[in-house]
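Participant: To be precise about what I am sending: the file is called final30.cif and holds mmCIF, C-alpha atoms.
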```cif
data_input
loop_
_atom_site.label_atom_id
_atom_site.label_comp_id
_atom_site.auth_asym_id
_atom_site.auth_seq_id
_atom_site.Cartn_x
_atom_site.Cartn_y
_atom_site.Cartn_z
CA MET A 1 75.84 63.21 157.42
CA ASP A 2 72.79 64.73 159.06
CA LEU A 3 71.15 66.33 156.05
CA GLU A 4 68.60 68.28 158.07
CA GLN A 5 71.25 69.81 160.23
CA TYR A 6 73.39 70.58 157.19
CA ILE A 7 70.49 72.32 155.48
CA SER A 8 69.43 74.28 158.56
CA SER A 9 73.00 75.47 159.24
CA GLY A 10 72.49 78.28 156.71
CA VAL A 11 75.50 77.25 154.60
CA LEU A 12 73.33 76.71 151.50
CA GLU A 13 72.05 80.31 151.51
CA LEU A 14 75.62 81.55 151.71
CA TYR A 15 76.55 79.11 148.92
CA VAL A 16 73.91 80.58 146.62
CA TYR A 17 74.93 84.15 147.58
CA GLY A 18 78.52 83.36 146.66
CA ALA A 19 79.57 84.34 150.14
CA LEU A 20 81.54 81.14 150.81
CA THR A 21 85.21 80.58 150.02
CA GLU A 22 86.02 78.61 146.87
CA GLU A 23 86.89 75.51 148.92
CA GLU A 24 83.62 75.62 150.87
CA SER A 25 81.72 76.13 147.65
CA ILE A 26 83.33 73.09 146.00
CA LYS A 27 82.39 71.03 149.07
CA VAL A 28 78.72 72.11 148.89
CA SER A 29 78.68 71.43 145.12
CA THR A 30 79.84 67.88 145.79
CA GLU A 31 77.18 67.29 148.47
CA LEU A 32 74.52 68.78 146.23
CA LYS A 33 75.25 66.21 143.53
CA LYS A 34 75.03 63.38 146.05
CA HIS A 35 71.86 64.47 147.86
CA PRO A 36 68.69 65.52 146.00
CA GLU A 37 67.37 67.05 149.25
CA ILE A 38 70.24 69.52 149.27
CA LEU A 39 69.76 70.28 145.57
CA LYS A 40 66.05 70.90 146.18
CA GLU A 41 66.84 73.27 149.05
CA VAL A 42 69.40 75.17 146.96
CA GLU A 43 66.96 75.55 144.10
CA GLU A 44 64.27 76.87 146.41
CA ILE A 45 66.68 79.45 147.77
CA GLU A 46 67.60 80.40 144.21
CA ASN A 47 63.97 80.76 143.23
CA ALA A 48 63.22 83.00 146.20
CA LEU A 49 66.21 85.19 145.45
CA THR A 50 65.27 85.31 141.78
CA GLN A 51 61.83 86.60 142.66
CA LEU A 52 63.19 89.08 145.15
CA SER A 53 65.66 90.35 142.57
CA ILE A 54 63.01 90.59 139.86
CA ALA A 55 61.05 92.76 142.27
CA ALA A 56 64.02 95.13 142.40
CA ALA A 57 64.37 95.32 138.60
CA PRO A 58 63.08 98.56 137.04
CA TYR A 59 61.29 96.55 134.33
CA ASN A 60 61.65 93.34 132.36
CA PRO A 61 64.68 94.07 130.16
CA GLU A 62 63.51 91.97 127.17
CA THR A 63 64.07 94.94 124.86
CA LEU A 64 67.77 95.12 125.71
CA LEU A 65 68.41 91.65 124.29
CA LEU A 66 68.64 92.97 120.73
CA ASN A 67 71.42 95.40 121.69
CA ILE A 68 73.32 92.65 123.43
CA GLN A 69 72.93 90.25 120.49
CA GLN A 70 74.23 92.93 118.12
CA ARG A 71 77.24 93.48 120.34
CA ILE A 72 77.82 89.73 120.50
CA THR A 73 77.57 89.13 116.74
CA ASN A 74 79.75 92.15 116.08
CA SER A 75 82.40 90.93 118.48
CA ASN A 76 82.19 87.44 116.98
CA THR A 77 81.99 88.01 113.24
CA SER A 78 83.77 91.30 112.72
CA LYS A 79 86.02 92.25 115.59
CA VAL A 80 87.95 94.48 113.22
CA ILE A 81 85.01 96.81 112.66
CA GLU A 82 83.72 96.90 116.22
CA HIS A 83 86.93 97.34 118.15
CA PRO A 84 87.74 101.06 118.46
CA ALA A 85 91.51 100.52 118.33
CA LYS A 86 91.13 98.33 115.27
CA SER A 87 88.74 100.72 113.56
CA LYS A 88 91.40 103.36 114.03
CA LYS A 89 93.72 100.95 112.32
CA SER A 90 91.27 100.46 109.47
CA ASN A 91 91.08 104.27 109.13
CA LEU A 92 94.82 104.27 108.90
CA VAL A 93 94.61 101.58 106.25
CA LEU A 94 92.07 103.75 104.41
CA TYR A 95 94.38 106.77 104.58
CA ILE A 96 97.32 104.69 103.40
CA SER A 97 95.18 103.33 100.55
CA TRP A 98 94.22 106.85 99.49
CA ALA A 99 97.79 108.05 99.79
CA ALA A 100 98.97 105.07 97.76
CA SER A 101 96.31 105.70 95.12
CA ILE A 102 97.28 109.35 94.84
CA ALA A 103 100.95 108.45 94.71
CA LEU A 104 100.18 105.91 92.02
CA LEU A 105 98.18 108.48 90.07
CA ILE A 106 101.00 111.03 90.29
CA GLY A 107 103.42 108.30 89.25
CA LEU A 108 101.23 107.36 86.29
CA ILE A 109 100.92 110.97 85.15
CA SER A 110 104.66 111.48 85.33
CA VAL A 111 105.21 108.20 83.44
CA ILE A 112 102.76 109.35 80.75
CA ASN A 113 104.55 112.70 80.56
CA GLN A 114 107.89 110.99 80.30
CA ARG A 115 106.51 108.69 77.65
CA ASN A 116 105.24 111.66 75.61
CA GLU A 117 108.58 113.38 76.03
CA LEU A 118 110.40 110.26 74.91
CA ARG A 119 108.06 109.90 71.97
CA GLU A 120 108.83 113.48 70.95
CA ASN A 121 112.51 112.77 71.33
CA ILE A 122 112.11 109.70 69.15
CA ASN A 123 110.29 111.77 66.54
CA THR A 124 113.03 114.37 66.61
CA ILE A 125 115.69 111.70 66.42
CA SER A 126 114.01 109.90 63.53
CA ALA A 127 113.67 113.21 61.73
CA THR A 128 117.37 113.80 62.33
CA ASN A 129 117.99 110.26 61.13
CA ILE A 130 116.11 110.91 57.89
CA GLU A 131 118.11 114.09 57.44
CA LEU A 132 121.33 112.23 58.11
CA GLU A 133 120.30 109.48 55.70
CA GLU A 134 119.65 112.10 53.05
CA GLN A 135 123.02 113.64 53.73
CA ILE A 136 124.62 110.22 53.54
CA ASN A 137 122.85 109.61 50.24
CA ILE A 138 124.04 112.95 48.98
CA ALA A 139 127.54 112.20 50.21
CA LYS A 140 127.34 108.79 48.55
CA ASN A 141 126.20 110.37 45.31
CA ASP A 142 128.96 112.95 45.60
CA ALA A 143 131.48 110.23 46.28
CA GLU A 144 130.16 108.31 43.31
CA LYS A 145 130.47 111.40 41.16
CA THR A 146 133.96 112.11 42.47
CA LYS A 147 134.99 108.52 41.78
CA GLN A 148 133.59 108.84 38.29
CA LEU A 149 135.47 112.11 37.84
CA LEU A 150 138.69 110.58 39.09
CA GLU A 151 138.28 107.78 36.60
CA VAL A 152 137.75 110.36 33.88
CA PHE A 153 140.88 112.24 34.82
CA ARG A 154 142.95 109.06 34.85
CA ASP A 155 141.65 107.99 31.49
CA LYS A 156 144.33 108.50 28.89
CA ASP A 157 141.74 109.38 26.25
CA ILE A 158 140.86 112.52 28.16
CA ILE A 159 142.12 115.82 26.91
CA THR A 160 142.58 118.41 29.60
CA VAL A 161 142.42 122.04 28.54
CA PRO A 162 143.25 124.78 31.04
CA LEU A 163 141.25 127.95 30.47
CA ASP A 164 142.99 131.08 31.76
CA GLY A 165 141.35 134.25 32.93
CA GLN A 166 140.79 136.96 30.33
CA GLN A 167 140.51 140.72 30.46
CA VAL A 168 137.21 140.99 32.41
CA ALA A 169 138.30 138.48 35.03
CA PRO A 170 142.04 137.96 35.12
CA GLU A 171 141.80 135.88 38.33
CA ALA A 172 139.28 133.51 36.80
CA TYR A 173 140.30 130.02 35.88
CA ALA A 174 138.61 126.91 34.55
CA ALA A 175 139.58 123.54 33.13
CA ILE A 176 137.89 121.38 30.59
CA HIS A 177 138.36 117.62 30.44
CA TRP A 178 137.16 116.34 27.16
CA ASP A 179 136.52 112.67 26.60
CA SER A 180 136.63 112.44 22.82
CA LYS A 181 135.40 108.86 22.86
CA THR A 182 132.13 109.63 24.62
CA ASN A 183 132.03 113.25 23.50
CA GLN A 184 131.55 114.35 27.10
CA VAL A 185 133.04 117.47 28.48
CA TYR A 186 133.69 117.99 32.16
CA VAL A 187 133.90 121.65 32.99
CA ASP A 188 135.73 122.34 36.23
CA ALA A 189 134.52 125.85 37.08
CA LYS A 190 135.72 126.08 40.65
CA GLU A 191 137.80 129.17 40.10
CA LEU A 192 135.11 131.13 38.26
CA PRO A 193 133.45 133.97 40.16
CA THR A 194 129.80 133.50 41.04
CA PRO A 195 127.72 135.00 38.22
CA PRO A 196 125.60 138.06 39.04
CA GLU A 197 121.82 137.85 39.21
CA GLY A 198 120.20 137.12 35.81
CA LYS A 199 123.46 135.92 34.23
CA GLU A 200 124.86 132.49 33.42
CA TYR A 201 128.13 131.13 32.10
CA GLN A 202 127.99 129.66 28.63
CA VAL A 203 130.62 127.24 27.33
CA TRP A 204 131.77 127.46 23.74
CA SER A 205 133.64 125.06 21.52
CA LEU A 206 135.84 126.96 19.10
CA THR A 207 137.50 126.18 15.79
CA LEU A 208 140.28 128.62 15.04
CA GLU A 209 140.74 129.06 11.30
CA PRO A 210 138.27 130.71 10.91
CA LEU A 211 137.18 131.41 14.50
CA THR A 212 133.79 129.68 14.82
CA PRO A 213 132.11 129.42 18.25
CA THR A 214 129.59 126.65 18.93
CA SER A 215 127.66 126.60 22.19
CA ILE A 216 127.96 123.36 24.08
CA GLY A 217 125.88 124.37 27.08
CA LEU A 218 125.21 126.49 30.11
CA LEU A 219 126.62 126.19 33.62
CA SER A 220 123.14 126.36 35.13
CA ASN A 221 122.54 126.57 38.90
CA PHE A 222 126.15 127.59 39.32
CA SER A 223 125.96 128.73 42.92
CA GLU A 224 124.09 125.61 44.03
CA ASP A 225 126.54 123.17 42.51
CA GLU A 226 129.02 122.33 45.19
CA ASN A 227 131.91 120.82 43.32
CA LYS A 228 131.38 123.15 40.36
CA ILE A 229 131.93 120.41 37.84
CA PHE A 230 129.50 120.42 34.97
CA ILE A 231 129.08 117.66 32.43
CA LEU A 232 128.19 118.74 28.89
CA GLU A 233 128.00 117.12 25.48
CA ASN A 234 130.61 118.10 22.90
CA PRO A 235 130.28 116.35 19.51
CA ASN A 236 132.46 119.02 17.84
CA SER A 237 136.04 118.73 16.68
CA SER A 238 137.05 121.52 19.01
CA GLN A 239 140.38 123.38 18.87
CA ALA A 240 139.74 125.65 21.82
CA PHE A 241 137.16 126.28 24.59
CA GLY A 242 135.86 129.53 25.98
CA ILE A 243 133.48 130.57 28.72
CA THR A 244 131.47 133.77 28.52
CA LEU A 245 128.99 135.40 30.84
CA GLU A 246 125.64 135.65 29.09
CA PRO A 247 122.08 136.61 30.03
CA LYS A 248 120.15 133.76 31.62
CA GLY A 249 119.24 131.13 29.06
CA GLY A 250 122.34 131.76 26.95
CA SER A 251 123.00 133.56 23.66
CA GLU A 252 123.23 132.58 20.00
CA SER A 253 126.79 133.86 19.76
CA PRO A 254 129.27 134.66 22.51
CA THR A 255 129.52 138.15 23.92
CA MET A 256 133.25 138.59 23.51
CA GLU A 257 133.41 141.48 26.02
CA GLN A 258 132.32 139.01 28.63
CA LEU A 259 134.82 136.29 27.79
CA TYR A 260 136.03 135.06 31.12
CA THR A 261 138.32 132.21 30.27
CA LEU A 262 139.81 130.80 27.14
CA GLY A 263 142.04 127.82 26.47
CA VAL A 264 143.46 126.27 23.33
CA ILE A 265 143.93 122.53 22.90
CA THR A 266 147.55 121.74 22.49
CA ALA A 267 148.45 118.84 20.34
CA SER A 268 149.53 116.05 22.61
CA MET B 269 59.89 75.66 140.80
CA GLN B 270 62.78 76.19 138.41
CA THR B 271 65.84 73.96 138.35
CA GLN B 272 69.25 74.78 136.92
CA PRO B 273 69.02 74.29 133.10
CA ASP B 274 72.23 72.29 132.75
CA GLY B 275 71.57 71.32 129.11
CA LEU B 276 70.95 74.93 128.18
CA ILE B 277 74.12 76.03 129.96
CA ALA B 278 76.13 73.44 127.99
CA GLU B 279 74.60 74.79 124.77
CA LEU B 280 75.51 78.32 125.83
CA GLN B 281 79.07 77.18 126.45
CA ALA B 282 79.04 75.77 122.90
CA LYS B 283 78.17 79.31 121.70
CA ASN B 284 74.63 78.55 120.61
CA PRO B 285 72.87 81.91 120.11
CA LYS B 286 69.42 80.35 120.73
CA ALA B 287 70.62 79.05 124.10
CA PHE B 288 71.87 82.52 124.91
CA GLU B 289 68.41 83.92 124.22
CA ARG B 290 66.83 81.45 126.62
CA ILE B 291 69.47 82.06 129.28
CA TYR B 292 68.79 85.76 128.92
CA ASP B 293 65.06 85.16 129.27
CA ARG B 294 65.68 83.11 132.37
CA TYR B 295 68.26 85.26 134.18
CA SER B 296 68.08 88.84 132.82
CA GLU B 297 65.31 90.32 134.95
CA SER B 298 66.69 89.09 138.28
CA THR B 299 70.18 90.19 137.25
CA PHE B 300 68.76 93.59 136.33
CA GLY B 301 67.27 93.77 139.84
CA VAL B 302 70.59 92.97 141.49
CA ILE B 303 72.43 95.56 139.42
CA ASN B 304 69.73 98.14 140.08
CA SER B 305 69.91 97.47 143.83
CA VAL B 306 73.61 98.27 143.79
CA LEU B 307 73.44 101.29 141.50
CA LYS B 308 69.95 102.60 142.25
CA ASP B 309 69.97 104.12 138.79
CA LYS B 310 67.90 102.73 135.96
CA HIS B 311 70.04 104.01 133.08
CA LEU B 312 73.34 102.92 134.55
CA ALA B 313 71.76 99.56 135.41
CA GLU B 314 70.72 99.13 131.76
CA GLU B 315 74.29 99.76 130.64
CA VAL B 316 75.74 97.34 133.16
CA LEU B 317 73.16 94.63 132.40
CA GLN B 318 74.19 94.65 128.75
CA ASP B 319 77.88 94.47 129.66
CA VAL B 320 77.13 91.58 132.00
CA PHE B 321 75.35 89.51 129.38
CA VAL B 322 78.10 90.15 126.83
CA LYS B 323 80.50 88.81 129.48
CA ILE B 324 78.24 85.82 130.12
CA TRP B 325 78.36 85.00 126.40
CA ASN B 326 82.10 85.55 126.08
CA ASN B 327 83.12 83.75 129.28
CA ALA B 328 80.45 81.02 129.45
CA GLU B 329 83.02 78.25 129.14
CA SER B 330 84.65 79.40 132.40
CA TYR B 331 81.55 78.34 134.34
CA ASN B 332 82.20 75.06 136.17
CA SER B 333 79.30 73.36 137.98
CA SER B 334 81.65 71.65 140.46
CA LYS B 335 82.57 75.07 141.85
CA GLY B 336 79.08 76.51 142.28
CA ARG B 337 75.69 77.33 140.84
CA PHE B 338 75.22 79.02 137.48
CA PHE B 339 72.90 81.42 139.32
CA THR B 340 75.81 82.36 141.60
CA TRP B 341 78.25 82.64 138.70
CA VAL B 342 75.95 85.13 136.94
CA LEU B 343 75.31 86.94 140.24
CA ASN B 344 79.05 87.42 140.81
CA ILE B 345 79.58 88.87 137.33
CA ALA B 346 76.62 91.23 137.82
CA ARG B 347 77.61 92.44 141.29
CA ASN B 348 81.24 92.97 140.27
CA ALA B 349 80.22 94.92 137.18
CA ALA B 350 77.74 97.02 139.18
CA ILE B 351 80.27 97.72 141.96
CA ASP B 352 82.84 98.67 139.30
CA LYS B 353 80.28 101.12 137.97
CA THR B 354 79.91 102.76 141.41
CA ARG B 355 83.54 103.86 141.02
CA SER B 356 82.77 105.60 137.72
CA LYS B 357 82.37 109.34 137.36
CA ALA B 358 78.85 108.91 135.92
CA TYR B 359 77.75 107.11 139.09
CA LYS B 360 79.35 109.60 141.47
CA ASN B 361 77.59 112.48 139.70
CA LYS B 362 74.20 110.83 140.13
CA GLN B 363 74.74 109.83 143.77
CA LYS B 364 73.57 113.24 145.04
CA ASN B 365 69.97 112.53 144.11
CA LEU B 366 69.82 109.08 145.64
CA LYS B 367 67.06 108.23 148.08
CA ALA B 368 66.90 104.44 148.01
CA GLU B 369 69.15 102.73 150.53
CA TYR B 370 68.29 99.07 150.07
CA PHE B 371 66.62 96.83 147.61
CA VAL B 372 63.56 97.18 149.88
CA ASP B 373 63.22 100.84 149.08
CA ILE B 374 63.44 100.06 145.41
CA ILE B 375 60.77 97.41 145.73
CA GLU B 376 58.51 99.64 147.81
CA GLU B 377 58.85 102.56 145.41
CA LYS B 378 58.30 100.42 142.39
CA ASN B 379 54.82 100.66 140.95
CA SER B 380 55.06 98.38 137.94
CA PHE B 381 55.80 94.72 138.32
CA SER B 382 56.30 92.16 135.65
CA ASN B 383 53.83 89.31 135.67
CA LYS B 384 56.55 86.91 136.75
CA ILE B 385 56.09 87.63 140.42
CA ASP B 386 53.31 88.40 142.80
CA ALA B 387 53.85 92.09 143.29
CA ILE B 388 51.41 92.55 146.10
CA GLY B 389 52.82 89.54 147.93
CA ILE B 390 56.36 90.73 147.78
CA GLN B 391 55.56 94.29 148.83
CA LYS B 392 53.51 92.95 151.71
CA TYR B 393 56.38 90.69 152.73
CA ILE B 394 58.96 93.42 152.49
CA ASN B 395 56.83 95.48 154.86
CA VAL B 396 56.78 92.79 157.52
CA LEU B 397 60.45 91.81 157.01
CA LYS B 398 62.51 92.46 160.11
CA PRO B 399 64.96 95.39 159.73
CA TYR B 400 67.98 93.12 160.31
CA CYS B 401 66.72 90.81 157.56
CA LYS B 402 66.65 93.70 155.13
CA LYS B 403 70.20 94.63 156.14
CA ILE B 404 71.59 91.10 156.03
CA ILE B 405 70.06 90.17 152.69
CA ASN B 406 71.17 93.51 151.27
CA LEU B 407 74.80 93.04 152.29
CA LEU B 408 75.26 89.33 151.64
CA TYR B 409 73.15 88.95 148.54
CA PHE B 410 72.81 92.28 146.78
CA GLN B 411 76.12 93.89 147.77
CA GLY B 412 78.15 90.65 147.68
CA PHE B 413 79.80 91.05 151.07
CA THR B 414 81.67 88.04 152.47
CA GLN B 415 80.45 86.60 155.78
CA ALA B 416 83.33 88.26 157.61
CA GLU B 417 82.70 91.65 156.02
CA ALA B 418 78.96 91.51 156.76
CA SER B 419 79.62 90.32 160.31
CA GLU B 420 81.89 93.29 160.89
CA GLU B 421 79.54 95.77 159.19
CA LEU B 422 76.51 94.64 161.21
CA GLU B 423 78.49 94.04 164.44
CA MET B 424 77.08 90.53 164.57
CA PRO B 425 78.99 87.30 165.33
CA LEU B 426 79.45 84.97 162.31
CA GLY B 427 77.26 82.22 163.77
CA THR B 428 74.43 84.64 164.54
CA LEU B 429 74.66 86.15 161.06
CA LYS B 430 74.42 82.74 159.46
CA THR B 431 71.41 81.66 161.54
CA ARG B 432 69.55 84.95 161.17
CA ASN B 433 70.13 84.94 157.44
CA ARG B 434 68.72 81.44 157.28
CA ASN B 435 65.62 82.57 159.19
CA CYS B 436 65.15 85.63 157.01
CA MET B 437 65.39 83.54 153.84
CA ASN B 438 62.90 81.03 155.23
CA LYS B 439 60.45 83.83 155.88
CA LEU B 440 60.90 85.08 152.33
CA ARG B 441 60.35 81.66 150.82
CA GLU B 442 57.30 81.12 152.98
CA ILE B 443 55.62 84.24 151.69
CA LEU B 444 56.57 83.59 148.08
CA THR B 445 55.29 80.03 147.98
CA ASN B 446 51.96 80.98 149.52
#
```
For the file at hand, write its structure as C-alpha cells.

Facilitator:
Amino acid sequence: MDLEQYISSGVLELYVYGALTEEESIKVSTELKKHPEILKEVEEIENALTQLSIAAAPYNPETLLLNIQQRITNSNTSKVIEHPAKSKKSNLVLYISWAASIALLIGLISVINQRNELRENINTISATNIELEEQINIAKNDAEKTKQLLEVFRDKDIITVPLDGQQVAPEAYAAIHWDSKTNQVYVDAKELPTPPEGKEYQVWSLTLEPLTPTSIGLLSNFSEDENKIFILENPNSSQAFGITLEPKGGSESPTMEQLYTLGVITAS
Amino acid sequence: MQTQPDGLIAELQAKNPKAFERIYDRYSESTFGVINSVLKDKHLAEEVLQDVFVKIWNNAESYNSSKGRFFTWVLNIARNAAIDKTRSKAYKNKQKNLKAEYFVDIIEEKNSFSNKIDAIGIQKYINVLKPYCKKIINLLYFQGFTQAEASEELEMPLGTLKTRNRNCMNKLREILTN
C-alpha cells in the first residue's frame, strides 16, 4: 500500500470527522494500527480539530465538571432518589407509610377502647359473680337451715303445737315445734301478719293451773326473716304457747288484748 | 502533540472517576466548541455538554477502538445531542436572535480565549480561510454531515469535496503548528 497516497486521499480527515461508513471506518482503524505514519497523521488532524473546536467554545467549561460528577454519582449510588419516576414512587411509599401509621394508630386506639370496655365488662361480671356467690352462700345457708328444720320435724322427740288465731287476728296461725331434749323451740310464724311499726311478737310459754306466762323470746326482725322460722330457748315445762303483739323490746307480762295465737299441748 | 490516551480510556470504561476527570479535562472544551457551533447558544450548549459527558460516563464501555477514534466517538455523541437540541422548543425560541452562521463567526466574535490555543493565530487563520473551506469544515465536522449529504448541499462532486477538505485541513494544521 502506498501510504503517502492513502494519507493524501483525504480519507483520514473524513475518518476523524466520523463521515465514513462503519465499514470504511473499521478499515482505516486496522490500517492505523499497522502503520505509525497513518496514526501520526490521524492524531495531527485530531489536534487541529481540537484546537479549532476549542476556539469555538464560549469558555473553558471546567466549572461544569462538578455538576456532571454530581449527576454521575447520583445516578450510580442512588438511582431511586434521582430518577423522577422513582422519586414519585418514593413519595407514594411515604404516603402509604403515613396512611399505614395513621391506620395503625386508629387501630391501636380502638383496641385500647375495646380493652377498656372489656375490662369494665369484666369488673361488672366479677361484681355480679360476687353477688351470685353471696346469693349462693345465702341459698346454701338457707338449705342448711331447711335441712336442719326438716330433721327437727322428723325427730320423734319433737312436740308440734298448732297455735290458732285469736280474737284480734282470727286468720293468724303459727306452729311451735318444741324439742324437749335440747329445749329448743322452733316458731313457724309464716301465717302471722307483719307487725306494725314499733311492735314485735313475743312468744310465751304457759302453764295452765294456774295460768302463768313466761316469756321465751321475741320474733325480732320479723319482716326481714324469709322463712319466718325463729329458734328460741324453752327450758320450761310448758303446757301451752301463746304469741302476743307487744311494744318493741317486749313486755314483762303478755298484753292479753293483743294475743294473736294460742295453742295447748295435747298429751301424745 | 497529543495522542489518544488509551490507558485512560480503559480506566474510564472501568468506571474510574479519576479517569473521567482527566477525560473531561482533555475533551470538554473542544466538545463544548462543537456543541456551541451547532446551537450558537451558550446556555443551551452548557446543558448539552453536561448531558454529553454523563452519556460518555454511562456508555464508555460501548467505545471500541477497532471501529474508530475516541475523539470521533465523543464527537458523534456531542453532535447528535446538539442536533437533538435544535429540535427542542427552547432552541426554536432563541433562533430568532441568531447572527452566527458558522463556527467561524463564533470564533471571530469571541473575545476571550483559553490559554490552550493561540487565539490570535486562529483568528488570523480563520480570516484567510477560503470561503469553501469554512463551509466544508462546518458541514462535515461541526454539523456531522455525511460525504454524500455535504456533496449535495455544496453542489460539489464527492472526489472534489474530499480533496478540497484535505487541502483546507492542511492549511489549518499549517497555521496551528507555526

Participant: Show me, as a Markdown table, the residues of chain A having an atom within 6 Å of chain B, each with the closest atom pair and its distance in Å, using all atoms listed in the file.

Facilitator:
```
| residue | atom | partner | partner_atom | distance |
| --- | --- | --- | --- | --- |
| A:Gly10 | CA | B:Arg434 | CA | 5.0 |
| A:Val16 | CA | B:Thr340 | CA | 5.7 |
| A:Tyr17 | CA | B:Tyr409 | CA | 5.2 |
| A:Gly18 | CA | B:Thr340 | CA | 5.8 |
| A:Ala19 | CA | B:Thr414 | CA | 4.9 |
| A:Ser25 | CA | B:Lys335 | CA | 6.0 |
| A:Ile26 | CA | B:Lys335 | CA | 4.7 |
| A:Ser29 | CA | B:Ser334 | CA | 5.5 |
| A:Ala48 | CA | B:Arg441 | CA | 5.6 |
| A:Thr50 | CA | B:Ser298 | CA | 5.3 |
| A:Ser53 | CA | B:Ser298 | CA | 4.6 |
| A:Ile54 | CA | B:Ser298 | CA | 4.3 |
| A:Ala55 | CA | B:Ile375 | CA | 5.8 |
| A:Ala56 | CA | B:Gly301 | CA | 4.4 |
| A:Ala57 | CA | B:Gly301 | CA | 3.5 |
| A:Asn60 | CA | B:Glu297 | CA | 5.4 |
| A:Ile68 | CA | B:Gln318 | CA | 5.7 |
```

Participant: Specify as a PyMOL selection string each residue included when the PyMOL selection byres ((chain A and resi 237) around 10) is applied to this file.

Facilitator: chain A and resi 180+183+205-207+234-236+238-240

Participant: Counting all atoms listed in the file, which residues in region 78-174 of chain A sit no more than 7 Å from region 249-268 of chain A? For each one, give the nearest pair of atoms and the distance in Å, sorted by chain then residue number, as a tab-separated table.

Facilitator:
```
residue	atom	partner	partner_atom	distance
A:Val161	CA	A:Ile265	CA	5.9
A:Pro162	CA	A:Gly263	CA	5.6
A:Leu163	CA	A:Gly263	CA	4.1
A:Asp164	CA	A:Thr261	CA	5.0
A:Gly165	CA	A:Thr261	CA	4.5
A:Gln166	CA	A:Tyr260	CA	5.2
A:Val168	CA	A:Tyr260	CA	6.2
A:Ala169	CA	A:Tyr260	CA	5.7
A:Ala172	CA	A:Tyr260	CA	6.7
A:Tyr173	CA	A:Thr261	CA	6.3
A:Ala174	CA	A:Thr261	CA	6.8
```

Participant: Please report the interatomic distance between CA of Ile45 (chain A) and CA of Ala287 (chain B) in Å with one decimal.

Facilitator: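 A separation of 24.0 Å between them.
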
Participant: Work out how far apart CA of Met424 (chain B) and CA of Ala349 (chain B) are and give it in Å to one decimal.

Facilitator: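 Those two atoms sit 27.9 Å apart.
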
Participant: Figure out the distance between CA of Asp2 (chain A) and CA of Leu407 (chain B), please, to one decimal in Å.

Facilitator: 29.2 Å

Participant: Please list as a VMD selection string every residue within 12 Å of region 140-144 of chain A, counting all atoms listed in the file and excluding residues in the same chain fewer than 5 positions away.

Facilitator: chain A and resid 132 to 135 149 to 151 225 to 229

Participant: With 4 Å added on each side, what axis-aligned box encloses every listed atom of region 278-295 of chain B? Give the centre and edge lengths in Å to one decimal, as JSON.

Facilitator:
```
{"center_x": 72.1, "center_y": 79.6, "center_z": 127.1, "size_x": 22.0, "size_y": 20.3, "size_z": 22.1}
```

Participant: Could you check the closest approach to Leu49 (chain A) for each of A:Glu246, A:Gln5, A:Arg119, A:Glu13 and tell me which residue wins, using all atoms listed in the file?

Facilitator: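 Answer, going by the shortest atom-to-atom distance: A:Glu13.
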
Participant: Counting all atoms listed in the file, which of B:Tyr359, B:Asn406, B:Glu329, B:Ile324 gets nearest to Val342 (chain B)?

Facilitator: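 Once distances to Val342 (chain B) are computed over all atoms listed in the file, the minimum belongs to B:Ile324.
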